[in-house]
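Pasting work_14.cif here (mmCIF, C-alpha atoms):
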```cif
data_data
loop_
_atom_site.label_atom_id
_atom_site.label_comp_id
_atom_site.auth_asym_id
_atom_site.auth_seq_id
_atom_site.Cartn_x
_atom_site.Cartn_y
_atom_site.Cartn_z
CA MET A 14 -36.18 -42.49 3.33
CA ASP A 15 -34.27 -45.77 3.50
CA ARG A 16 -31.58 -45.94 0.82
CA PHE A 17 -31.46 -48.80 -1.66
CA ALA A 18 -28.20 -50.73 -1.98
CA LEU A 19 -25.93 -50.77 -5.04
CA TYR A 20 -24.12 -54.04 -5.71
CA TYR A 21 -20.62 -53.90 -7.20
CA PRO A 22 -18.20 -54.70 -8.81
CA HIS A 23 -19.89 -57.49 -10.82
CA ILE A 24 -23.22 -57.94 -12.53
CA HIS A 25 -23.95 -61.35 -11.04
CA VAL A 26 -23.87 -61.79 -7.26
CA ARG A 27 -21.25 -64.43 -6.43
CA ASP A 28 -22.50 -65.56 -3.00
CA ASP A 29 -26.14 -66.63 -2.50
CA ASP A 30 -25.79 -66.68 1.30
CA TRP A 31 -24.62 -63.06 1.20
CA LEU A 32 -27.50 -62.23 -1.17
CA LYS A 33 -30.05 -63.65 1.29
CA TYR A 34 -28.54 -61.66 4.14
CA ALA A 35 -28.73 -58.53 1.96
CA ALA A 36 -32.37 -59.23 1.11
CA LEU A 37 -33.17 -59.53 4.82
CA TYR A 38 -31.95 -55.96 5.40
CA TRP A 39 -31.91 -53.63 2.40
CA PRO A 40 -35.19 -52.27 0.96
CA LYS A 41 -33.96 -53.10 -2.56
CA MET A 42 -30.64 -53.60 -4.34
CA ALA A 43 -29.59 -52.27 -7.72
CA ARG A 44 -26.77 -53.50 -9.95
CA ILE A 45 -25.12 -51.85 -12.94
CA ARG A 46 -26.15 -53.98 -15.91
CA PRO A 47 -25.26 -53.03 -19.50
CA PRO A 48 -28.28 -52.94 -21.80
CA GLY A 49 -28.92 -56.31 -23.41
CA TYR A 50 -26.41 -58.13 -21.23
CA PRO A 51 -27.62 -61.77 -20.95
CA LEU A 52 -28.16 -62.77 -17.35
CA GLN A 53 -26.97 -65.98 -15.76
CA ASP A 54 -28.40 -65.40 -12.29
CA SER A 55 -28.68 -68.06 -9.63
CA PRO A 56 -32.23 -69.27 -8.83
CA ALA A 57 -32.24 -67.06 -5.71
CA ALA A 58 -31.17 -63.99 -7.70
CA ARG A 59 -33.77 -64.74 -10.39
CA GLU A 60 -36.50 -64.88 -7.75
CA LEU A 61 -35.39 -61.57 -6.23
CA HIS A 62 -35.18 -60.02 -9.69
CA SER A 63 -38.70 -61.23 -10.47
CA ALA A 64 -39.94 -59.78 -7.17
CA ARG A 65 -38.38 -56.40 -8.14
CA TRP A 66 -36.04 -56.44 -5.16
CA LEU A 67 -32.98 -56.85 -7.42
CA LEU A 68 -33.03 -53.95 -9.88
CA ASP A 69 -31.10 -53.36 -13.11
CA LEU A 70 -29.47 -49.96 -13.60
CA GLU A 71 -27.98 -49.09 -16.97
CA PRO A 72 -24.42 -47.71 -16.77
CA PRO A 73 -24.93 -43.93 -16.57
CA VAL A 74 -23.01 -42.05 -19.26
CA TRP A 75 -22.60 -39.05 -16.95
CA ALA A 76 -21.02 -41.19 -14.21
CA ALA A 77 -18.46 -42.70 -16.58
CA ALA A 78 -17.57 -39.21 -17.82
CA GLU A 79 -17.13 -37.82 -14.29
CA VAL A 80 -15.11 -40.80 -13.04
CA ALA A 81 -12.88 -40.57 -16.11
CA GLU A 82 -11.42 -37.17 -15.18
CA PRO A 83 -9.12 -38.20 -12.29
CA PHE A 84 -8.05 -41.33 -14.20
CA LEU A 85 -7.16 -39.21 -17.25
CA GLU A 86 -5.16 -36.86 -15.02
CA LEU A 87 -3.32 -39.81 -13.50
CA ILE A 88 -2.47 -41.20 -16.94
CA HIS A 89 -1.27 -37.78 -18.08
CA GLU A 90 0.93 -37.19 -15.01
CA HIS A 91 2.18 -40.73 -14.38
CA GLY A 92 1.71 -42.62 -17.63
CA ALA A 93 5.20 -44.14 -17.53
CA ALA A 94 4.79 -45.41 -13.96
CA LEU A 95 1.38 -46.88 -14.80
CA ARG A 96 2.78 -48.65 -17.87
CA ASP A 97 5.68 -50.01 -15.85
CA ARG A 98 3.34 -51.54 -13.29
CA PHE A 99 0.16 -52.31 -15.26
CA GLY A 100 1.18 -52.30 -18.93
CA LEU A 101 -0.12 -55.22 -20.99
CA ASP A 102 3.34 -55.72 -22.44
CA ARG A 103 4.63 -56.26 -18.90
CA ILE A 104 2.24 -59.09 -18.14
CA GLU A 105 5.17 -61.40 -17.38
CA THR A 106 5.96 -59.17 -14.40
CA TRP A 107 2.45 -59.50 -12.96
CA GLY A 108 3.52 -62.65 -11.14
CA LEU A 109 1.71 -64.95 -13.54
CA PRO A 110 2.71 -68.46 -14.62
CA VAL A 111 4.60 -68.28 -17.93
CA ALA A 112 2.02 -70.52 -19.61
CA GLU A 113 -0.69 -67.92 -18.91
CA ALA A 114 1.33 -64.82 -19.74
CA CYS A 115 0.03 -64.41 -23.30
CA PHE A 116 -2.90 -62.81 -25.09
CA GLY A 117 -3.78 -65.88 -27.13
CA ASN A 118 -4.87 -68.04 -24.20
CA THR A 119 -8.07 -69.85 -25.17
CA GLY A 120 -8.60 -71.71 -21.91
CA GLY A 121 -11.42 -71.19 -19.44
CA PHE A 122 -12.06 -67.67 -18.22
CA SER A 123 -11.55 -67.09 -14.50
CA ALA A 124 -10.73 -63.44 -14.02
CA GLY A 125 -12.34 -61.21 -11.43
CA GLY A 126 -14.94 -59.55 -13.66
CA ASP A 127 -18.09 -60.93 -15.24
CA GLU A 128 -17.71 -63.42 -18.07
CA PRO A 129 -17.20 -61.68 -21.43
CA THR A 130 -16.26 -64.89 -23.24
CA GLU A 131 -17.81 -66.19 -26.42
CA ASP A 132 -17.09 -69.43 -28.20
CA GLY A 133 -14.01 -68.98 -30.36
CA ALA A 134 -12.81 -65.78 -28.66
CA THR A 135 -9.01 -65.85 -28.50
CA TRP A 136 -8.09 -62.36 -27.25
CA LEU A 137 -9.01 -63.07 -23.61
CA ASN A 138 -6.54 -63.89 -20.87
CA PRO A 139 -7.73 -65.60 -17.67
CA ARG A 140 -5.70 -63.23 -15.49
CA PHE A 141 -7.12 -59.95 -16.73
CA GLY A 142 -9.74 -57.90 -14.98
CA TYR A 143 -12.68 -56.92 -17.19
CA VAL A 144 -14.97 -53.92 -17.40
CA HIS A 145 -17.85 -53.71 -19.86
CA ALA A 146 -17.16 -50.94 -22.38
CA SER A 147 -20.52 -49.29 -21.61
CA ARG A 148 -19.13 -48.42 -18.17
CA VAL A 149 -16.10 -46.51 -19.52
CA SER A 150 -16.07 -43.13 -21.27
CA GLU A 151 -14.66 -43.03 -24.80
CA ARG A 152 -11.96 -40.54 -23.78
CA LEU A 153 -10.67 -42.73 -20.99
CA LEU A 154 -10.90 -45.87 -23.10
CA ASP A 155 -8.92 -44.30 -25.95
CA SER A 156 -6.28 -43.02 -23.54
CA ALA A 157 -5.91 -46.37 -21.72
CA VAL A 158 -5.56 -48.25 -25.01
CA ASP A 159 -3.06 -45.72 -26.40
CA GLN A 160 -0.95 -46.05 -23.25
CA GLY A 161 -0.92 -49.83 -23.50
CA LEU A 162 -2.96 -50.23 -20.31
CA ALA A 163 -6.03 -51.86 -21.85
CA VAL A 164 -7.20 -53.92 -24.79
CA VAL A 165 -10.72 -54.08 -26.21
CA GLY A 166 -12.54 -57.02 -27.72
CA PRO A 167 -15.92 -58.71 -28.18
CA GLY A 168 -17.56 -60.90 -25.59
CA ARG A 169 -20.84 -61.91 -24.06
CA GLY A 170 -23.22 -58.97 -24.10
CA GLY A 171 -21.08 -56.58 -26.11
CA ILE A 172 -17.59 -55.08 -26.01
CA TRP A 173 -15.27 -55.58 -23.02
CA VAL A 174 -12.16 -53.78 -21.82
CA ALA A 175 -9.38 -56.00 -20.43
CA MET A 176 -6.71 -54.63 -18.09
CA HIS A 177 -4.69 -55.41 -14.98
CA PRO A 178 -7.13 -56.67 -12.27
CA GLN A 179 -6.11 -53.90 -9.86
CA LEU A 180 -6.95 -51.24 -12.43
CA ALA A 181 -10.33 -52.87 -13.08
CA THR A 182 -11.10 -53.10 -9.36
CA VAL A 183 -10.19 -49.50 -8.54
CA TYR A 184 -12.12 -48.21 -11.55
CA MET A 185 -15.27 -50.13 -10.56
CA LEU A 186 -14.97 -48.90 -6.96
CA ALA A 187 -14.81 -45.32 -8.19
CA LEU A 188 -17.70 -45.81 -10.61
CA ALA A 189 -19.88 -47.49 -7.98
CA GLU A 190 -19.22 -44.67 -5.52
CA GLN A 191 -20.13 -42.02 -8.10
CA VAL A 192 -23.35 -43.78 -9.16
CA ALA A 193 -24.31 -44.37 -5.53
CA ALA A 194 -23.62 -40.79 -4.43
CA GLU A 195 -25.79 -39.31 -7.18
CA ASN A 196 -28.69 -41.76 -6.72
CA CYS A 197 -29.01 -41.99 -2.93
CA LEU A 198 -27.68 -45.56 -3.00
CA HIS A 199 -25.45 -47.43 -0.56
CA PRO A 200 -22.62 -49.37 -2.32
CA ILE A 201 -22.20 -52.94 -1.04
CA THR A 202 -20.24 -55.97 -2.22
CA ASP A 203 -19.84 -59.67 -1.49
CA GLN A 204 -16.16 -59.48 -2.41
CA THR A 205 -13.09 -58.68 -0.31
CA LEU A 206 -11.63 -55.73 -2.16
CA PRO A 207 -8.63 -53.57 -1.31
CA HIS A 208 -9.41 -49.85 -0.95
CA ALA A 209 -13.15 -50.61 -0.71
CA VAL A 210 -13.62 -48.12 2.13
CA MET A 211 -11.85 -45.22 0.42
CA SER A 212 -14.12 -42.42 -0.75
CA GLY A 213 -13.73 -39.40 -2.98
CA TRP A 214 -11.67 -40.87 -5.81
CA THR A 215 -9.52 -37.83 -6.57
CA PHE A 216 -6.27 -37.88 -8.52
CA GLU A 217 -4.35 -38.10 -5.23
CA ARG A 218 -6.36 -41.05 -3.92
CA LEU A 219 -5.97 -42.89 -7.21
CA ALA A 220 -2.22 -42.38 -6.94
CA VAL A 221 -2.30 -43.89 -3.44
CA ALA A 222 -4.37 -46.88 -4.57
CA LEU A 223 -2.42 -47.61 -7.76
CA LEU A 224 1.03 -46.11 -7.33
CA ASP A 225 1.65 -46.08 -3.61
CA ASP A 226 5.37 -45.54 -4.02
CA LEU A 227 4.86 -42.07 -5.52
CA PRO A 228 5.10 -38.81 -3.54
CA ALA A 229 1.31 -38.56 -3.88
CA GLN A 230 1.11 -40.93 -0.97
CA ALA A 231 1.95 -38.01 1.27
CA LEU A 232 -1.11 -36.16 -0.03
CA ALA A 233 -3.64 -38.69 1.17
CA ALA A 234 -3.87 -41.31 3.85
CA GLN A 235 -2.91 -44.79 2.82
CA ALA A 236 -5.97 -46.92 2.09
CA PRO A 237 -7.18 -48.94 5.08
CA ALA A 238 -7.53 -52.70 4.88
CA ALA A 239 -10.54 -54.15 3.10
CA ARG A 240 -13.63 -54.21 5.31
CA GLN A 241 -17.39 -53.82 5.23
CA ALA A 242 -18.97 -50.40 5.58
CA PRO A 243 -20.25 -49.74 9.14
CA GLU A 244 -23.98 -50.04 8.37
CA GLU A 245 -23.65 -53.29 6.48
CA ALA A 246 -21.21 -54.74 9.03
CA PHE A 247 -23.35 -53.81 12.06
CA ALA A 248 -26.51 -55.23 10.46
CA PHE A 249 -24.86 -58.50 9.40
CA LEU A 250 -23.19 -58.99 12.79
CA SER A 251 -26.57 -58.42 14.42
CA PHE A 252 -28.11 -61.07 12.19
CA ALA A 253 -25.38 -63.47 13.24
CA THR A 254 -26.62 -63.29 16.85
CA VAL A 255 -29.98 -64.87 15.98
CA ILE A 256 -29.87 -66.83 12.72
CA PRO A 257 -27.62 -69.52 11.20
CA ALA A 258 -24.50 -68.37 9.35
CA ASP A 259 -25.37 -70.77 6.52
CA LEU A 260 -28.62 -69.83 4.80
CA ARG A 261 -28.08 -72.33 1.99
CA ASN A 262 -31.11 -74.38 2.97
CA VAL A 263 -33.41 -71.41 3.50
CA PRO A 264 -35.54 -70.93 0.35
CA ILE A 265 -35.54 -67.44 -1.06
CA GLU A 266 -39.34 -67.50 -0.96
CA LYS A 267 -39.14 -67.62 2.84
CA ILE A 268 -36.85 -64.60 2.84
CA LEU A 269 -39.40 -62.67 0.78
CA ASP A 270 -42.24 -63.78 3.08
CA ILE A 271 -40.32 -62.55 6.13
CA ARG A 272 -39.81 -59.14 4.51
CA VAL A 273 -43.55 -58.81 3.93
CA GLU A 274 -44.75 -60.22 7.25
CA PHE A 275 -42.36 -58.26 9.46
CA GLY A 276 -41.97 -55.09 7.41
CA SER A 277 -42.71 -52.73 10.31
CA GLU A 278 -40.12 -54.46 12.51
CA LEU A 279 -37.57 -54.24 9.67
CA ASP A 280 -38.17 -50.50 9.31
CA GLY A 281 -37.55 -50.06 13.04
CA PHE A 282 -34.38 -52.13 12.89
CA ARG A 283 -32.98 -50.06 10.01
CA GLU A 284 -33.56 -46.89 12.04
CA PHE A 285 -31.80 -48.49 15.00
CA VAL A 286 -28.79 -49.48 12.85
CA ALA A 287 -28.58 -45.99 11.34
CA ASP A 288 -28.55 -44.48 14.83
CA GLN A 289 -25.83 -46.89 15.96
CA VAL A 290 -23.67 -46.16 12.92
CA GLN A 291 -23.97 -42.42 13.54
CA ARG A 292 -23.01 -42.96 17.19
CA LEU A 293 -20.00 -45.04 16.11
CA GLY A 294 -18.74 -42.54 13.56
CA SER A 295 -15.28 -42.48 15.10
CA LEU A 296 -14.74 -46.08 13.94
CA GLU A 297 -14.10 -44.72 10.46
CA ASP A 298 -10.69 -43.63 11.77
CA VAL A 299 -9.70 -47.13 12.91
CA ARG A 300 -7.14 -48.34 10.36
CA ASP A 301 -6.59 -51.93 11.55
CA ALA A 302 -9.30 -54.19 10.09
CA GLY A 303 -9.11 -56.64 13.00
CA LEU A 304 -9.59 -53.94 15.62
CA TYR A 305 -12.38 -52.37 13.56
CA LEU A 306 -14.25 -55.67 13.56
CA GLU A 307 -13.60 -56.22 17.27
CA TYR A 308 -15.04 -52.79 18.09
CA LEU A 309 -18.17 -53.66 16.10
CA HIS A 310 -18.49 -57.06 17.81
CA THR A 311 -18.30 -55.34 21.19
CA GLU A 312 -20.97 -52.81 20.26
CA VAL A 313 -23.28 -55.50 18.89
CA ASP A 314 -22.88 -57.49 22.11
CA ARG A 315 -23.67 -54.42 24.20
CA GLU A 316 -26.43 -52.81 22.15
CA VAL A 317 -28.10 -55.78 20.45
CA ARG A 318 -27.75 -58.77 22.76
CA ALA A 319 -28.85 -56.78 25.81
CA ARG A 320 -31.97 -55.57 24.02
CA LEU A 321 -32.74 -59.09 22.79
CA ASP A 322 -32.45 -60.45 26.35
CA ASP A 323 -34.82 -57.72 27.56
CA LEU A 324 -37.22 -58.51 24.73
CA ASP A 325 -37.20 -62.21 25.62
CA ASP A 326 -38.10 -61.29 29.20
CA ARG A 327 -40.97 -59.13 28.02
CA MET A 328 -42.26 -61.89 25.76
CA ARG A 329 -42.22 -64.37 28.64
CA GLY A 330 -44.03 -61.81 30.77
CA ALA A 331 -46.70 -61.41 28.12
CA GLY A 332 -47.24 -65.18 28.12
CA LEU A 333 -47.58 -65.28 31.88
CA GLU A 334 -50.06 -62.39 31.84
CA THR A 335 -52.25 -64.26 29.35
CA ALA A 336 -52.07 -67.46 31.37
CA ARG A 337 -52.98 -65.62 34.60
CA ALA A 338 -55.90 -63.88 32.90
CA LEU A 339 -57.23 -67.24 31.74
CA ALA A 340 -56.86 -68.75 35.22
CA ASN A 341 -58.78 -65.83 36.73
CA VAL A 342 -61.79 -66.37 34.46
CA ARG A 343 -62.99 -69.31 36.55
CA SER A 344 -63.12 -67.21 39.74
CA VAL A 345 -65.10 -64.31 38.26
CA ALA A 346 -68.89 -64.48 38.62
CA LEU A 347 -71.10 -63.23 35.82
CA PRO A 348 -72.18 -59.63 36.30
CA PRO A 349 -75.80 -59.28 37.41
CA LEU A 350 -76.86 -57.75 34.09
CA ALA A 351 -75.37 -60.68 32.14
CA ALA A 352 -77.05 -63.17 34.49
CA LEU A 353 -80.39 -61.40 34.02
CA ALA A 354 -79.99 -61.54 30.24
CA ALA A 355 -79.20 -65.25 30.37
CA ASP A 356 -82.28 -65.89 32.48
CA ALA A 357 -84.44 -63.88 30.06
CA VAL A 358 -83.55 -66.16 27.13
CA GLY A 359 -83.99 -69.33 29.16
CA VAL A 360 -80.28 -70.12 29.61
CA ALA A 361 -79.16 -71.04 33.08
CA PRO A 362 -76.47 -68.63 34.33
CA ALA A 363 -74.37 -71.62 35.38
CA LEU A 364 -74.26 -72.78 31.76
CA THR A 365 -72.82 -69.47 30.57
CA VAL A 366 -69.70 -69.79 32.76
CA PRO A 367 -68.26 -72.79 30.87
CA ALA A 368 -69.08 -70.99 27.63
CA VAL A 369 -67.15 -67.93 28.76
CA VAL A 370 -64.23 -70.09 29.84
CA ALA A 371 -64.29 -71.93 26.53
CA GLY A 372 -64.31 -68.66 24.64
CA CYS A 373 -61.32 -67.45 26.62
CA VAL A 374 -59.46 -70.71 26.04
CA VAL A 375 -60.02 -70.43 22.31
CA GLY A 376 -59.12 -66.72 22.15
CA ALA A 377 -56.15 -66.72 24.51
CA PRO A 378 -53.50 -67.84 21.96
CA PHE A 379 -54.66 -65.18 19.50
CA GLU A 380 -54.50 -62.50 22.18
CA TRP A 381 -51.05 -63.71 23.20
CA ARG A 382 -49.76 -63.57 19.62
CA ARG A 383 -51.22 -60.08 19.18
CA ARG A 384 -49.50 -58.89 22.34
CA ARG A 385 -46.20 -60.48 21.30
CA ARG A 386 -46.37 -58.70 17.94
CA GLU A 387 -46.98 -55.39 19.66
CA ILE A 388 -43.99 -55.92 21.94
CA ALA A 389 -41.76 -56.87 18.98
CA GLN A 390 -42.83 -53.77 17.04
CA GLU A 391 -42.02 -51.57 20.03
CA SER A 392 -38.44 -52.86 20.27
CA PRO A 393 -35.66 -51.69 17.93
CA VAL A 394 -34.45 -55.32 17.76
CA GLY A 395 -37.93 -56.80 17.30
CA TYR A 396 -36.99 -57.74 13.74
CA LEU A 397 -34.09 -59.84 15.03
CA PHE A 398 -36.46 -61.59 17.43
CA GLN A 399 -38.79 -62.43 14.53
CA LEU A 400 -35.85 -63.67 12.44
CA LYS A 401 -34.78 -65.95 15.25
CA ARG A 402 -38.25 -67.48 15.40
CA ALA A 403 -38.55 -67.77 11.62
CA LEU A 404 -35.06 -69.00 10.73
CA GLY A 405 -33.41 -70.28 13.90
CA PRO A 406 -33.46 -73.97 14.88
CA ASP A 407 -36.64 -74.93 16.72
CA THR A 408 -36.61 -76.50 20.15
CA LEU A 409 -39.63 -78.26 21.63
CA ILE A 410 -40.18 -75.25 23.89
CA ASP A 411 -40.16 -72.94 20.87
CA LYS A 412 -42.85 -75.00 19.17
CA LEU A 413 -44.97 -75.09 22.33
CA ARG A 414 -44.60 -71.36 22.84
CA ARG A 415 -45.92 -70.67 19.37
CA ALA A 416 -48.95 -72.83 20.11
CA TRP A 417 -49.56 -71.63 23.67
CA PRO A 418 -48.07 -69.10 26.10
CA LEU A 419 -45.78 -70.75 28.61
#
```
Once more with this new file: its structure as structure tokens, please.
Amino acid sequence: MDRFALYYPHIHVRDDDWLKYAALYWPKMARIRPPGYPLQDSPAARELHSARWLLDLEPPVWAAAEVAEPFLELIHEHGAALRDRFGLDRIETWGLPVAEACFGNTGGFSAGGDEPTEDGATWLNPRFGYVHASRVSERLLDSAVDQGLAVVGPGRGGIWVAMHPQLATVYMLALAEQVAAENCLHPITDQTLPHAVMSGWTFERLAVALLDDLPAQALAAQAPAARQAPEEAFAFLSFATVIPADLRNVPIEKILDIRVEFGSELDGFREFVADQVQRLGSLEDVRDAGLYLEYLHTEVDREVRARLDDLDDRMRGAGLETARALANVRSVALPPLAALAADAVGVAPALTVPAVVAGCVVGAPFEWRRRRREIAQESPVGYLFQLKRALGPDTLIDKLRRAWPL
């Protein structure tokens, strides 16, 4: 079974190009949306939501309760250190401009979370990170407020919890991982987030992520630099070998059509990526983000480009086979039985030869396309080949090849 994706940390996807890439690969994508939260999706996201590719998942109460436990332990053990670094009364030490270091700011909202603002709301600060209250357990919320680490207020779609952006980010990472693990989902994001590749958000790992100067750092490896998960990174780098980086001008309807038309090739490509990720399991230990990406680039060049070159050769061979078969029709005499049948109905055998040739001429392109589709379906990178034809820039040769085998 191919896993669905889980988008985090926001409700609304921020990057439509990224969304189109995701739709070209993942079977479906869920997002954690509080009940009744009013959507402000982009046209592309609305279309994917209407097509039931983008799914809404209510914040699970059980997940918030389970994620709360290590955070509560951290607050209990290191409340003073957390207040010193993330306390709301220390906002002037967050490195903010003095003009913004206040709770009464009524200017435009630009923090990292989704927009909780309502007309007339004055409790919001544009530098906070925000988490919808439905995503946080009551115990953790009460403790964070009591410790001066969070403040609660009304906003769009209900009640929101405001806190230091780093606290909000780490909490949403932990929640997304918990929801994903218990629902066979793969967490993905269009944001560059620190600690995004950490897993198992225990008390010790939280201490590393939030209070890295504590002795707890010795209990867990320091978080690696922000980077994509191997499956997502390998798939997206593979896409980059065949289609434009900028999908802005590609309508989302075309993306949906490609998913339907080349579904069998997409299934084969997902299996190929899963096998490659399993083979490259040791990359999880690479700490440097630049080297990690370079390793993946090298593997994509070796495993994907080579297969695409081989597939191109096979496609050209299929075209030549069809052309040769058509050329040979003229040199093949009608079998005696066919000639006898033609004579019986009063048709001169010589007249049937042009008819046969004409039938072959008409049918040859269809046979060629059928053979090309078979070859693409046999290759683990056949989906990439189809993407290149569907989304890549056309040359005159490309157009001619689609009309007739060259």
Could you tell me which residues the PyMOL selection byres ((chain A and resi 76) around 10) grabs in this file, written as a PyMOL selection string? chain A and resi 72-75+77-81+148-150+187-193+195
Could you name the residues that touch segment 158-165 of chain A at 10 Å or less, counting only C-alpha atoms, but leaving out those on the same chain fewer than 4 positions away, as a PyMOL selection string? chain A and resi 88-89+92-93+95-103+116+136-137+141-146+153-154+172-177+180-181
For Arg402 of chain A, which residue out of A:Ile256, A:Leu269, A:Leu306, A:Ile24 is the nearest one, using all atoms listed in the file?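 Among the listed residues, the smallest separation from Arg402 of chain A belongs to A:Ile256.
Taking atom CA of Ala43 of chain A and atom CA of Leu68 of chain A as endpoints, the distance between them is 4.4 Å.
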What lies within 9 Å of segment 274-287 of chain A using only C-alpha atoms, ignoring chain neighbours under 5 positions off, as number ranges by chain? A: 15, 37-39, 244, 247-248, 269, 292, 389-397, 399-400
Go ahead and compute the interatomic distance for atom CA of Arg382 of chain A and atom CA of Arg320 of chain A, in Å to one decimal. 20.0 Å
All residues 8 Å or closer to Leu198 of chain A, all atoms listed in the file, same chain fewer than 6 positions away omitted, as a PyMOL selection string: chain A and resi 16-19+192
Record the distance separating atom CA of Arg65 of chain A and atom CA of Pro40 of chain A, expressed in Å with one decimal.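 Taking atom CA of Arg65 of chain A as the start and atom CA of Pro40 of chain A as the end point, the length is 10.5 Å.
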Can you translate the PyMOL selection byres ((chain A and resi 34) around 10) into the concrete residues it hits in this file, as a list in words?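 The output of the PyMOL selection byres ((chain A and resi 34) around 10) on this file is Asp29, Asp30, Trp31, Leu32, Lys33, Ala35, Ala36, Leu37, Tyr38, Trp39, Glu245, Ala248, Phe249, Phe252, Ala253, Ala258, Asp259, Leu260 and Ile268 of chain A.
Compared by their closest atoms to Glu151 of chain A, and using only C-alpha atoms, the residues A:Ala94, A:Ala64, A:Leu85, A:Leu309 rank with A:Leu85 nearest.
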Select all residues near (-27.5, -62.8, -17.9) (cut-off 10 Å, inclusive, file coordinates), counting all atoms listed in the file, and output them as number ranges by chain. A: 24-25, 46, 49-55, 59, 127-128, 169-170
Restricted to C-alpha atoms, what would the selected residues look like written as a compact mmCIF listing (two decimals), in the coordinates of the input?
```txt
# COMPACT_ATOMS: atom_id res chain seq x y z
CA ILE A 24 -23.22 -57.94 -12.53
CA HIS A 25 -23.95 -61.35 -11.04
CA ARG A 46 -26.15 -53.98 -15.91
CA GLY A 49 -28.92 -56.31 -23.41
CA TYR A 50 -26.41 -58.13 -21.23
CA PRO A 51 -27.62 -61.77 -20.95
CA LEU A 52 -28.16 -62.77 -17.35
CA GLN A 53 -26.97 -65.98 -15.76
CA ASP A 54 -28.40 -65.40 -12.29
CA SER A 55 -28.68 -68.06 -9.63
CA ARG A 59 -33.77 -64.74 -10.39
CA ASP A 127 -18.09 -60.93 -15.24
CA GLU A 128 -17.71 -63.42 -18.07
CA ARG A 169 -20.84 -61.91 -24.06
CA GLY A 170 -23.22 -58.97 -24.10
```
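With all atoms listed in the file as the atoms that count, the minimum distance from Ile104 of chain A to the choices A:Arg140, A:His91, A:Ile271, A:Cys197 is reached by A:Arg140.
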Could you check the closest approach to Leu70 of chain A for each of A:Asn262, A:Asn196, A:Thr254, A:Ser156 and tell me which residue wins, using all atoms listed in the file? A:Asn196
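Distances here use all atoms listed in the file; by that measure, the residue among A:Gly330, A:Trp107, A:Ala246, A:Pro139 closest to Tyr305 of chain A is A:Ala246.
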Identify the residues within 8 Å of coordinate (-25.6, -48.6, -25.5) (same frame as the file), considering all atoms listed in the file, and give the answer as an MDAnalysis selection string. chainID A and resid 47:48 147
Minimum-distance residue to Leu321 of chain A, chosen among A:Leu87, A:Ile388, A:Arg383, A:Leu223 (using only C-alpha atoms):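 For Leu321 of chain A, the nearest of the given residues is A:Ile388.
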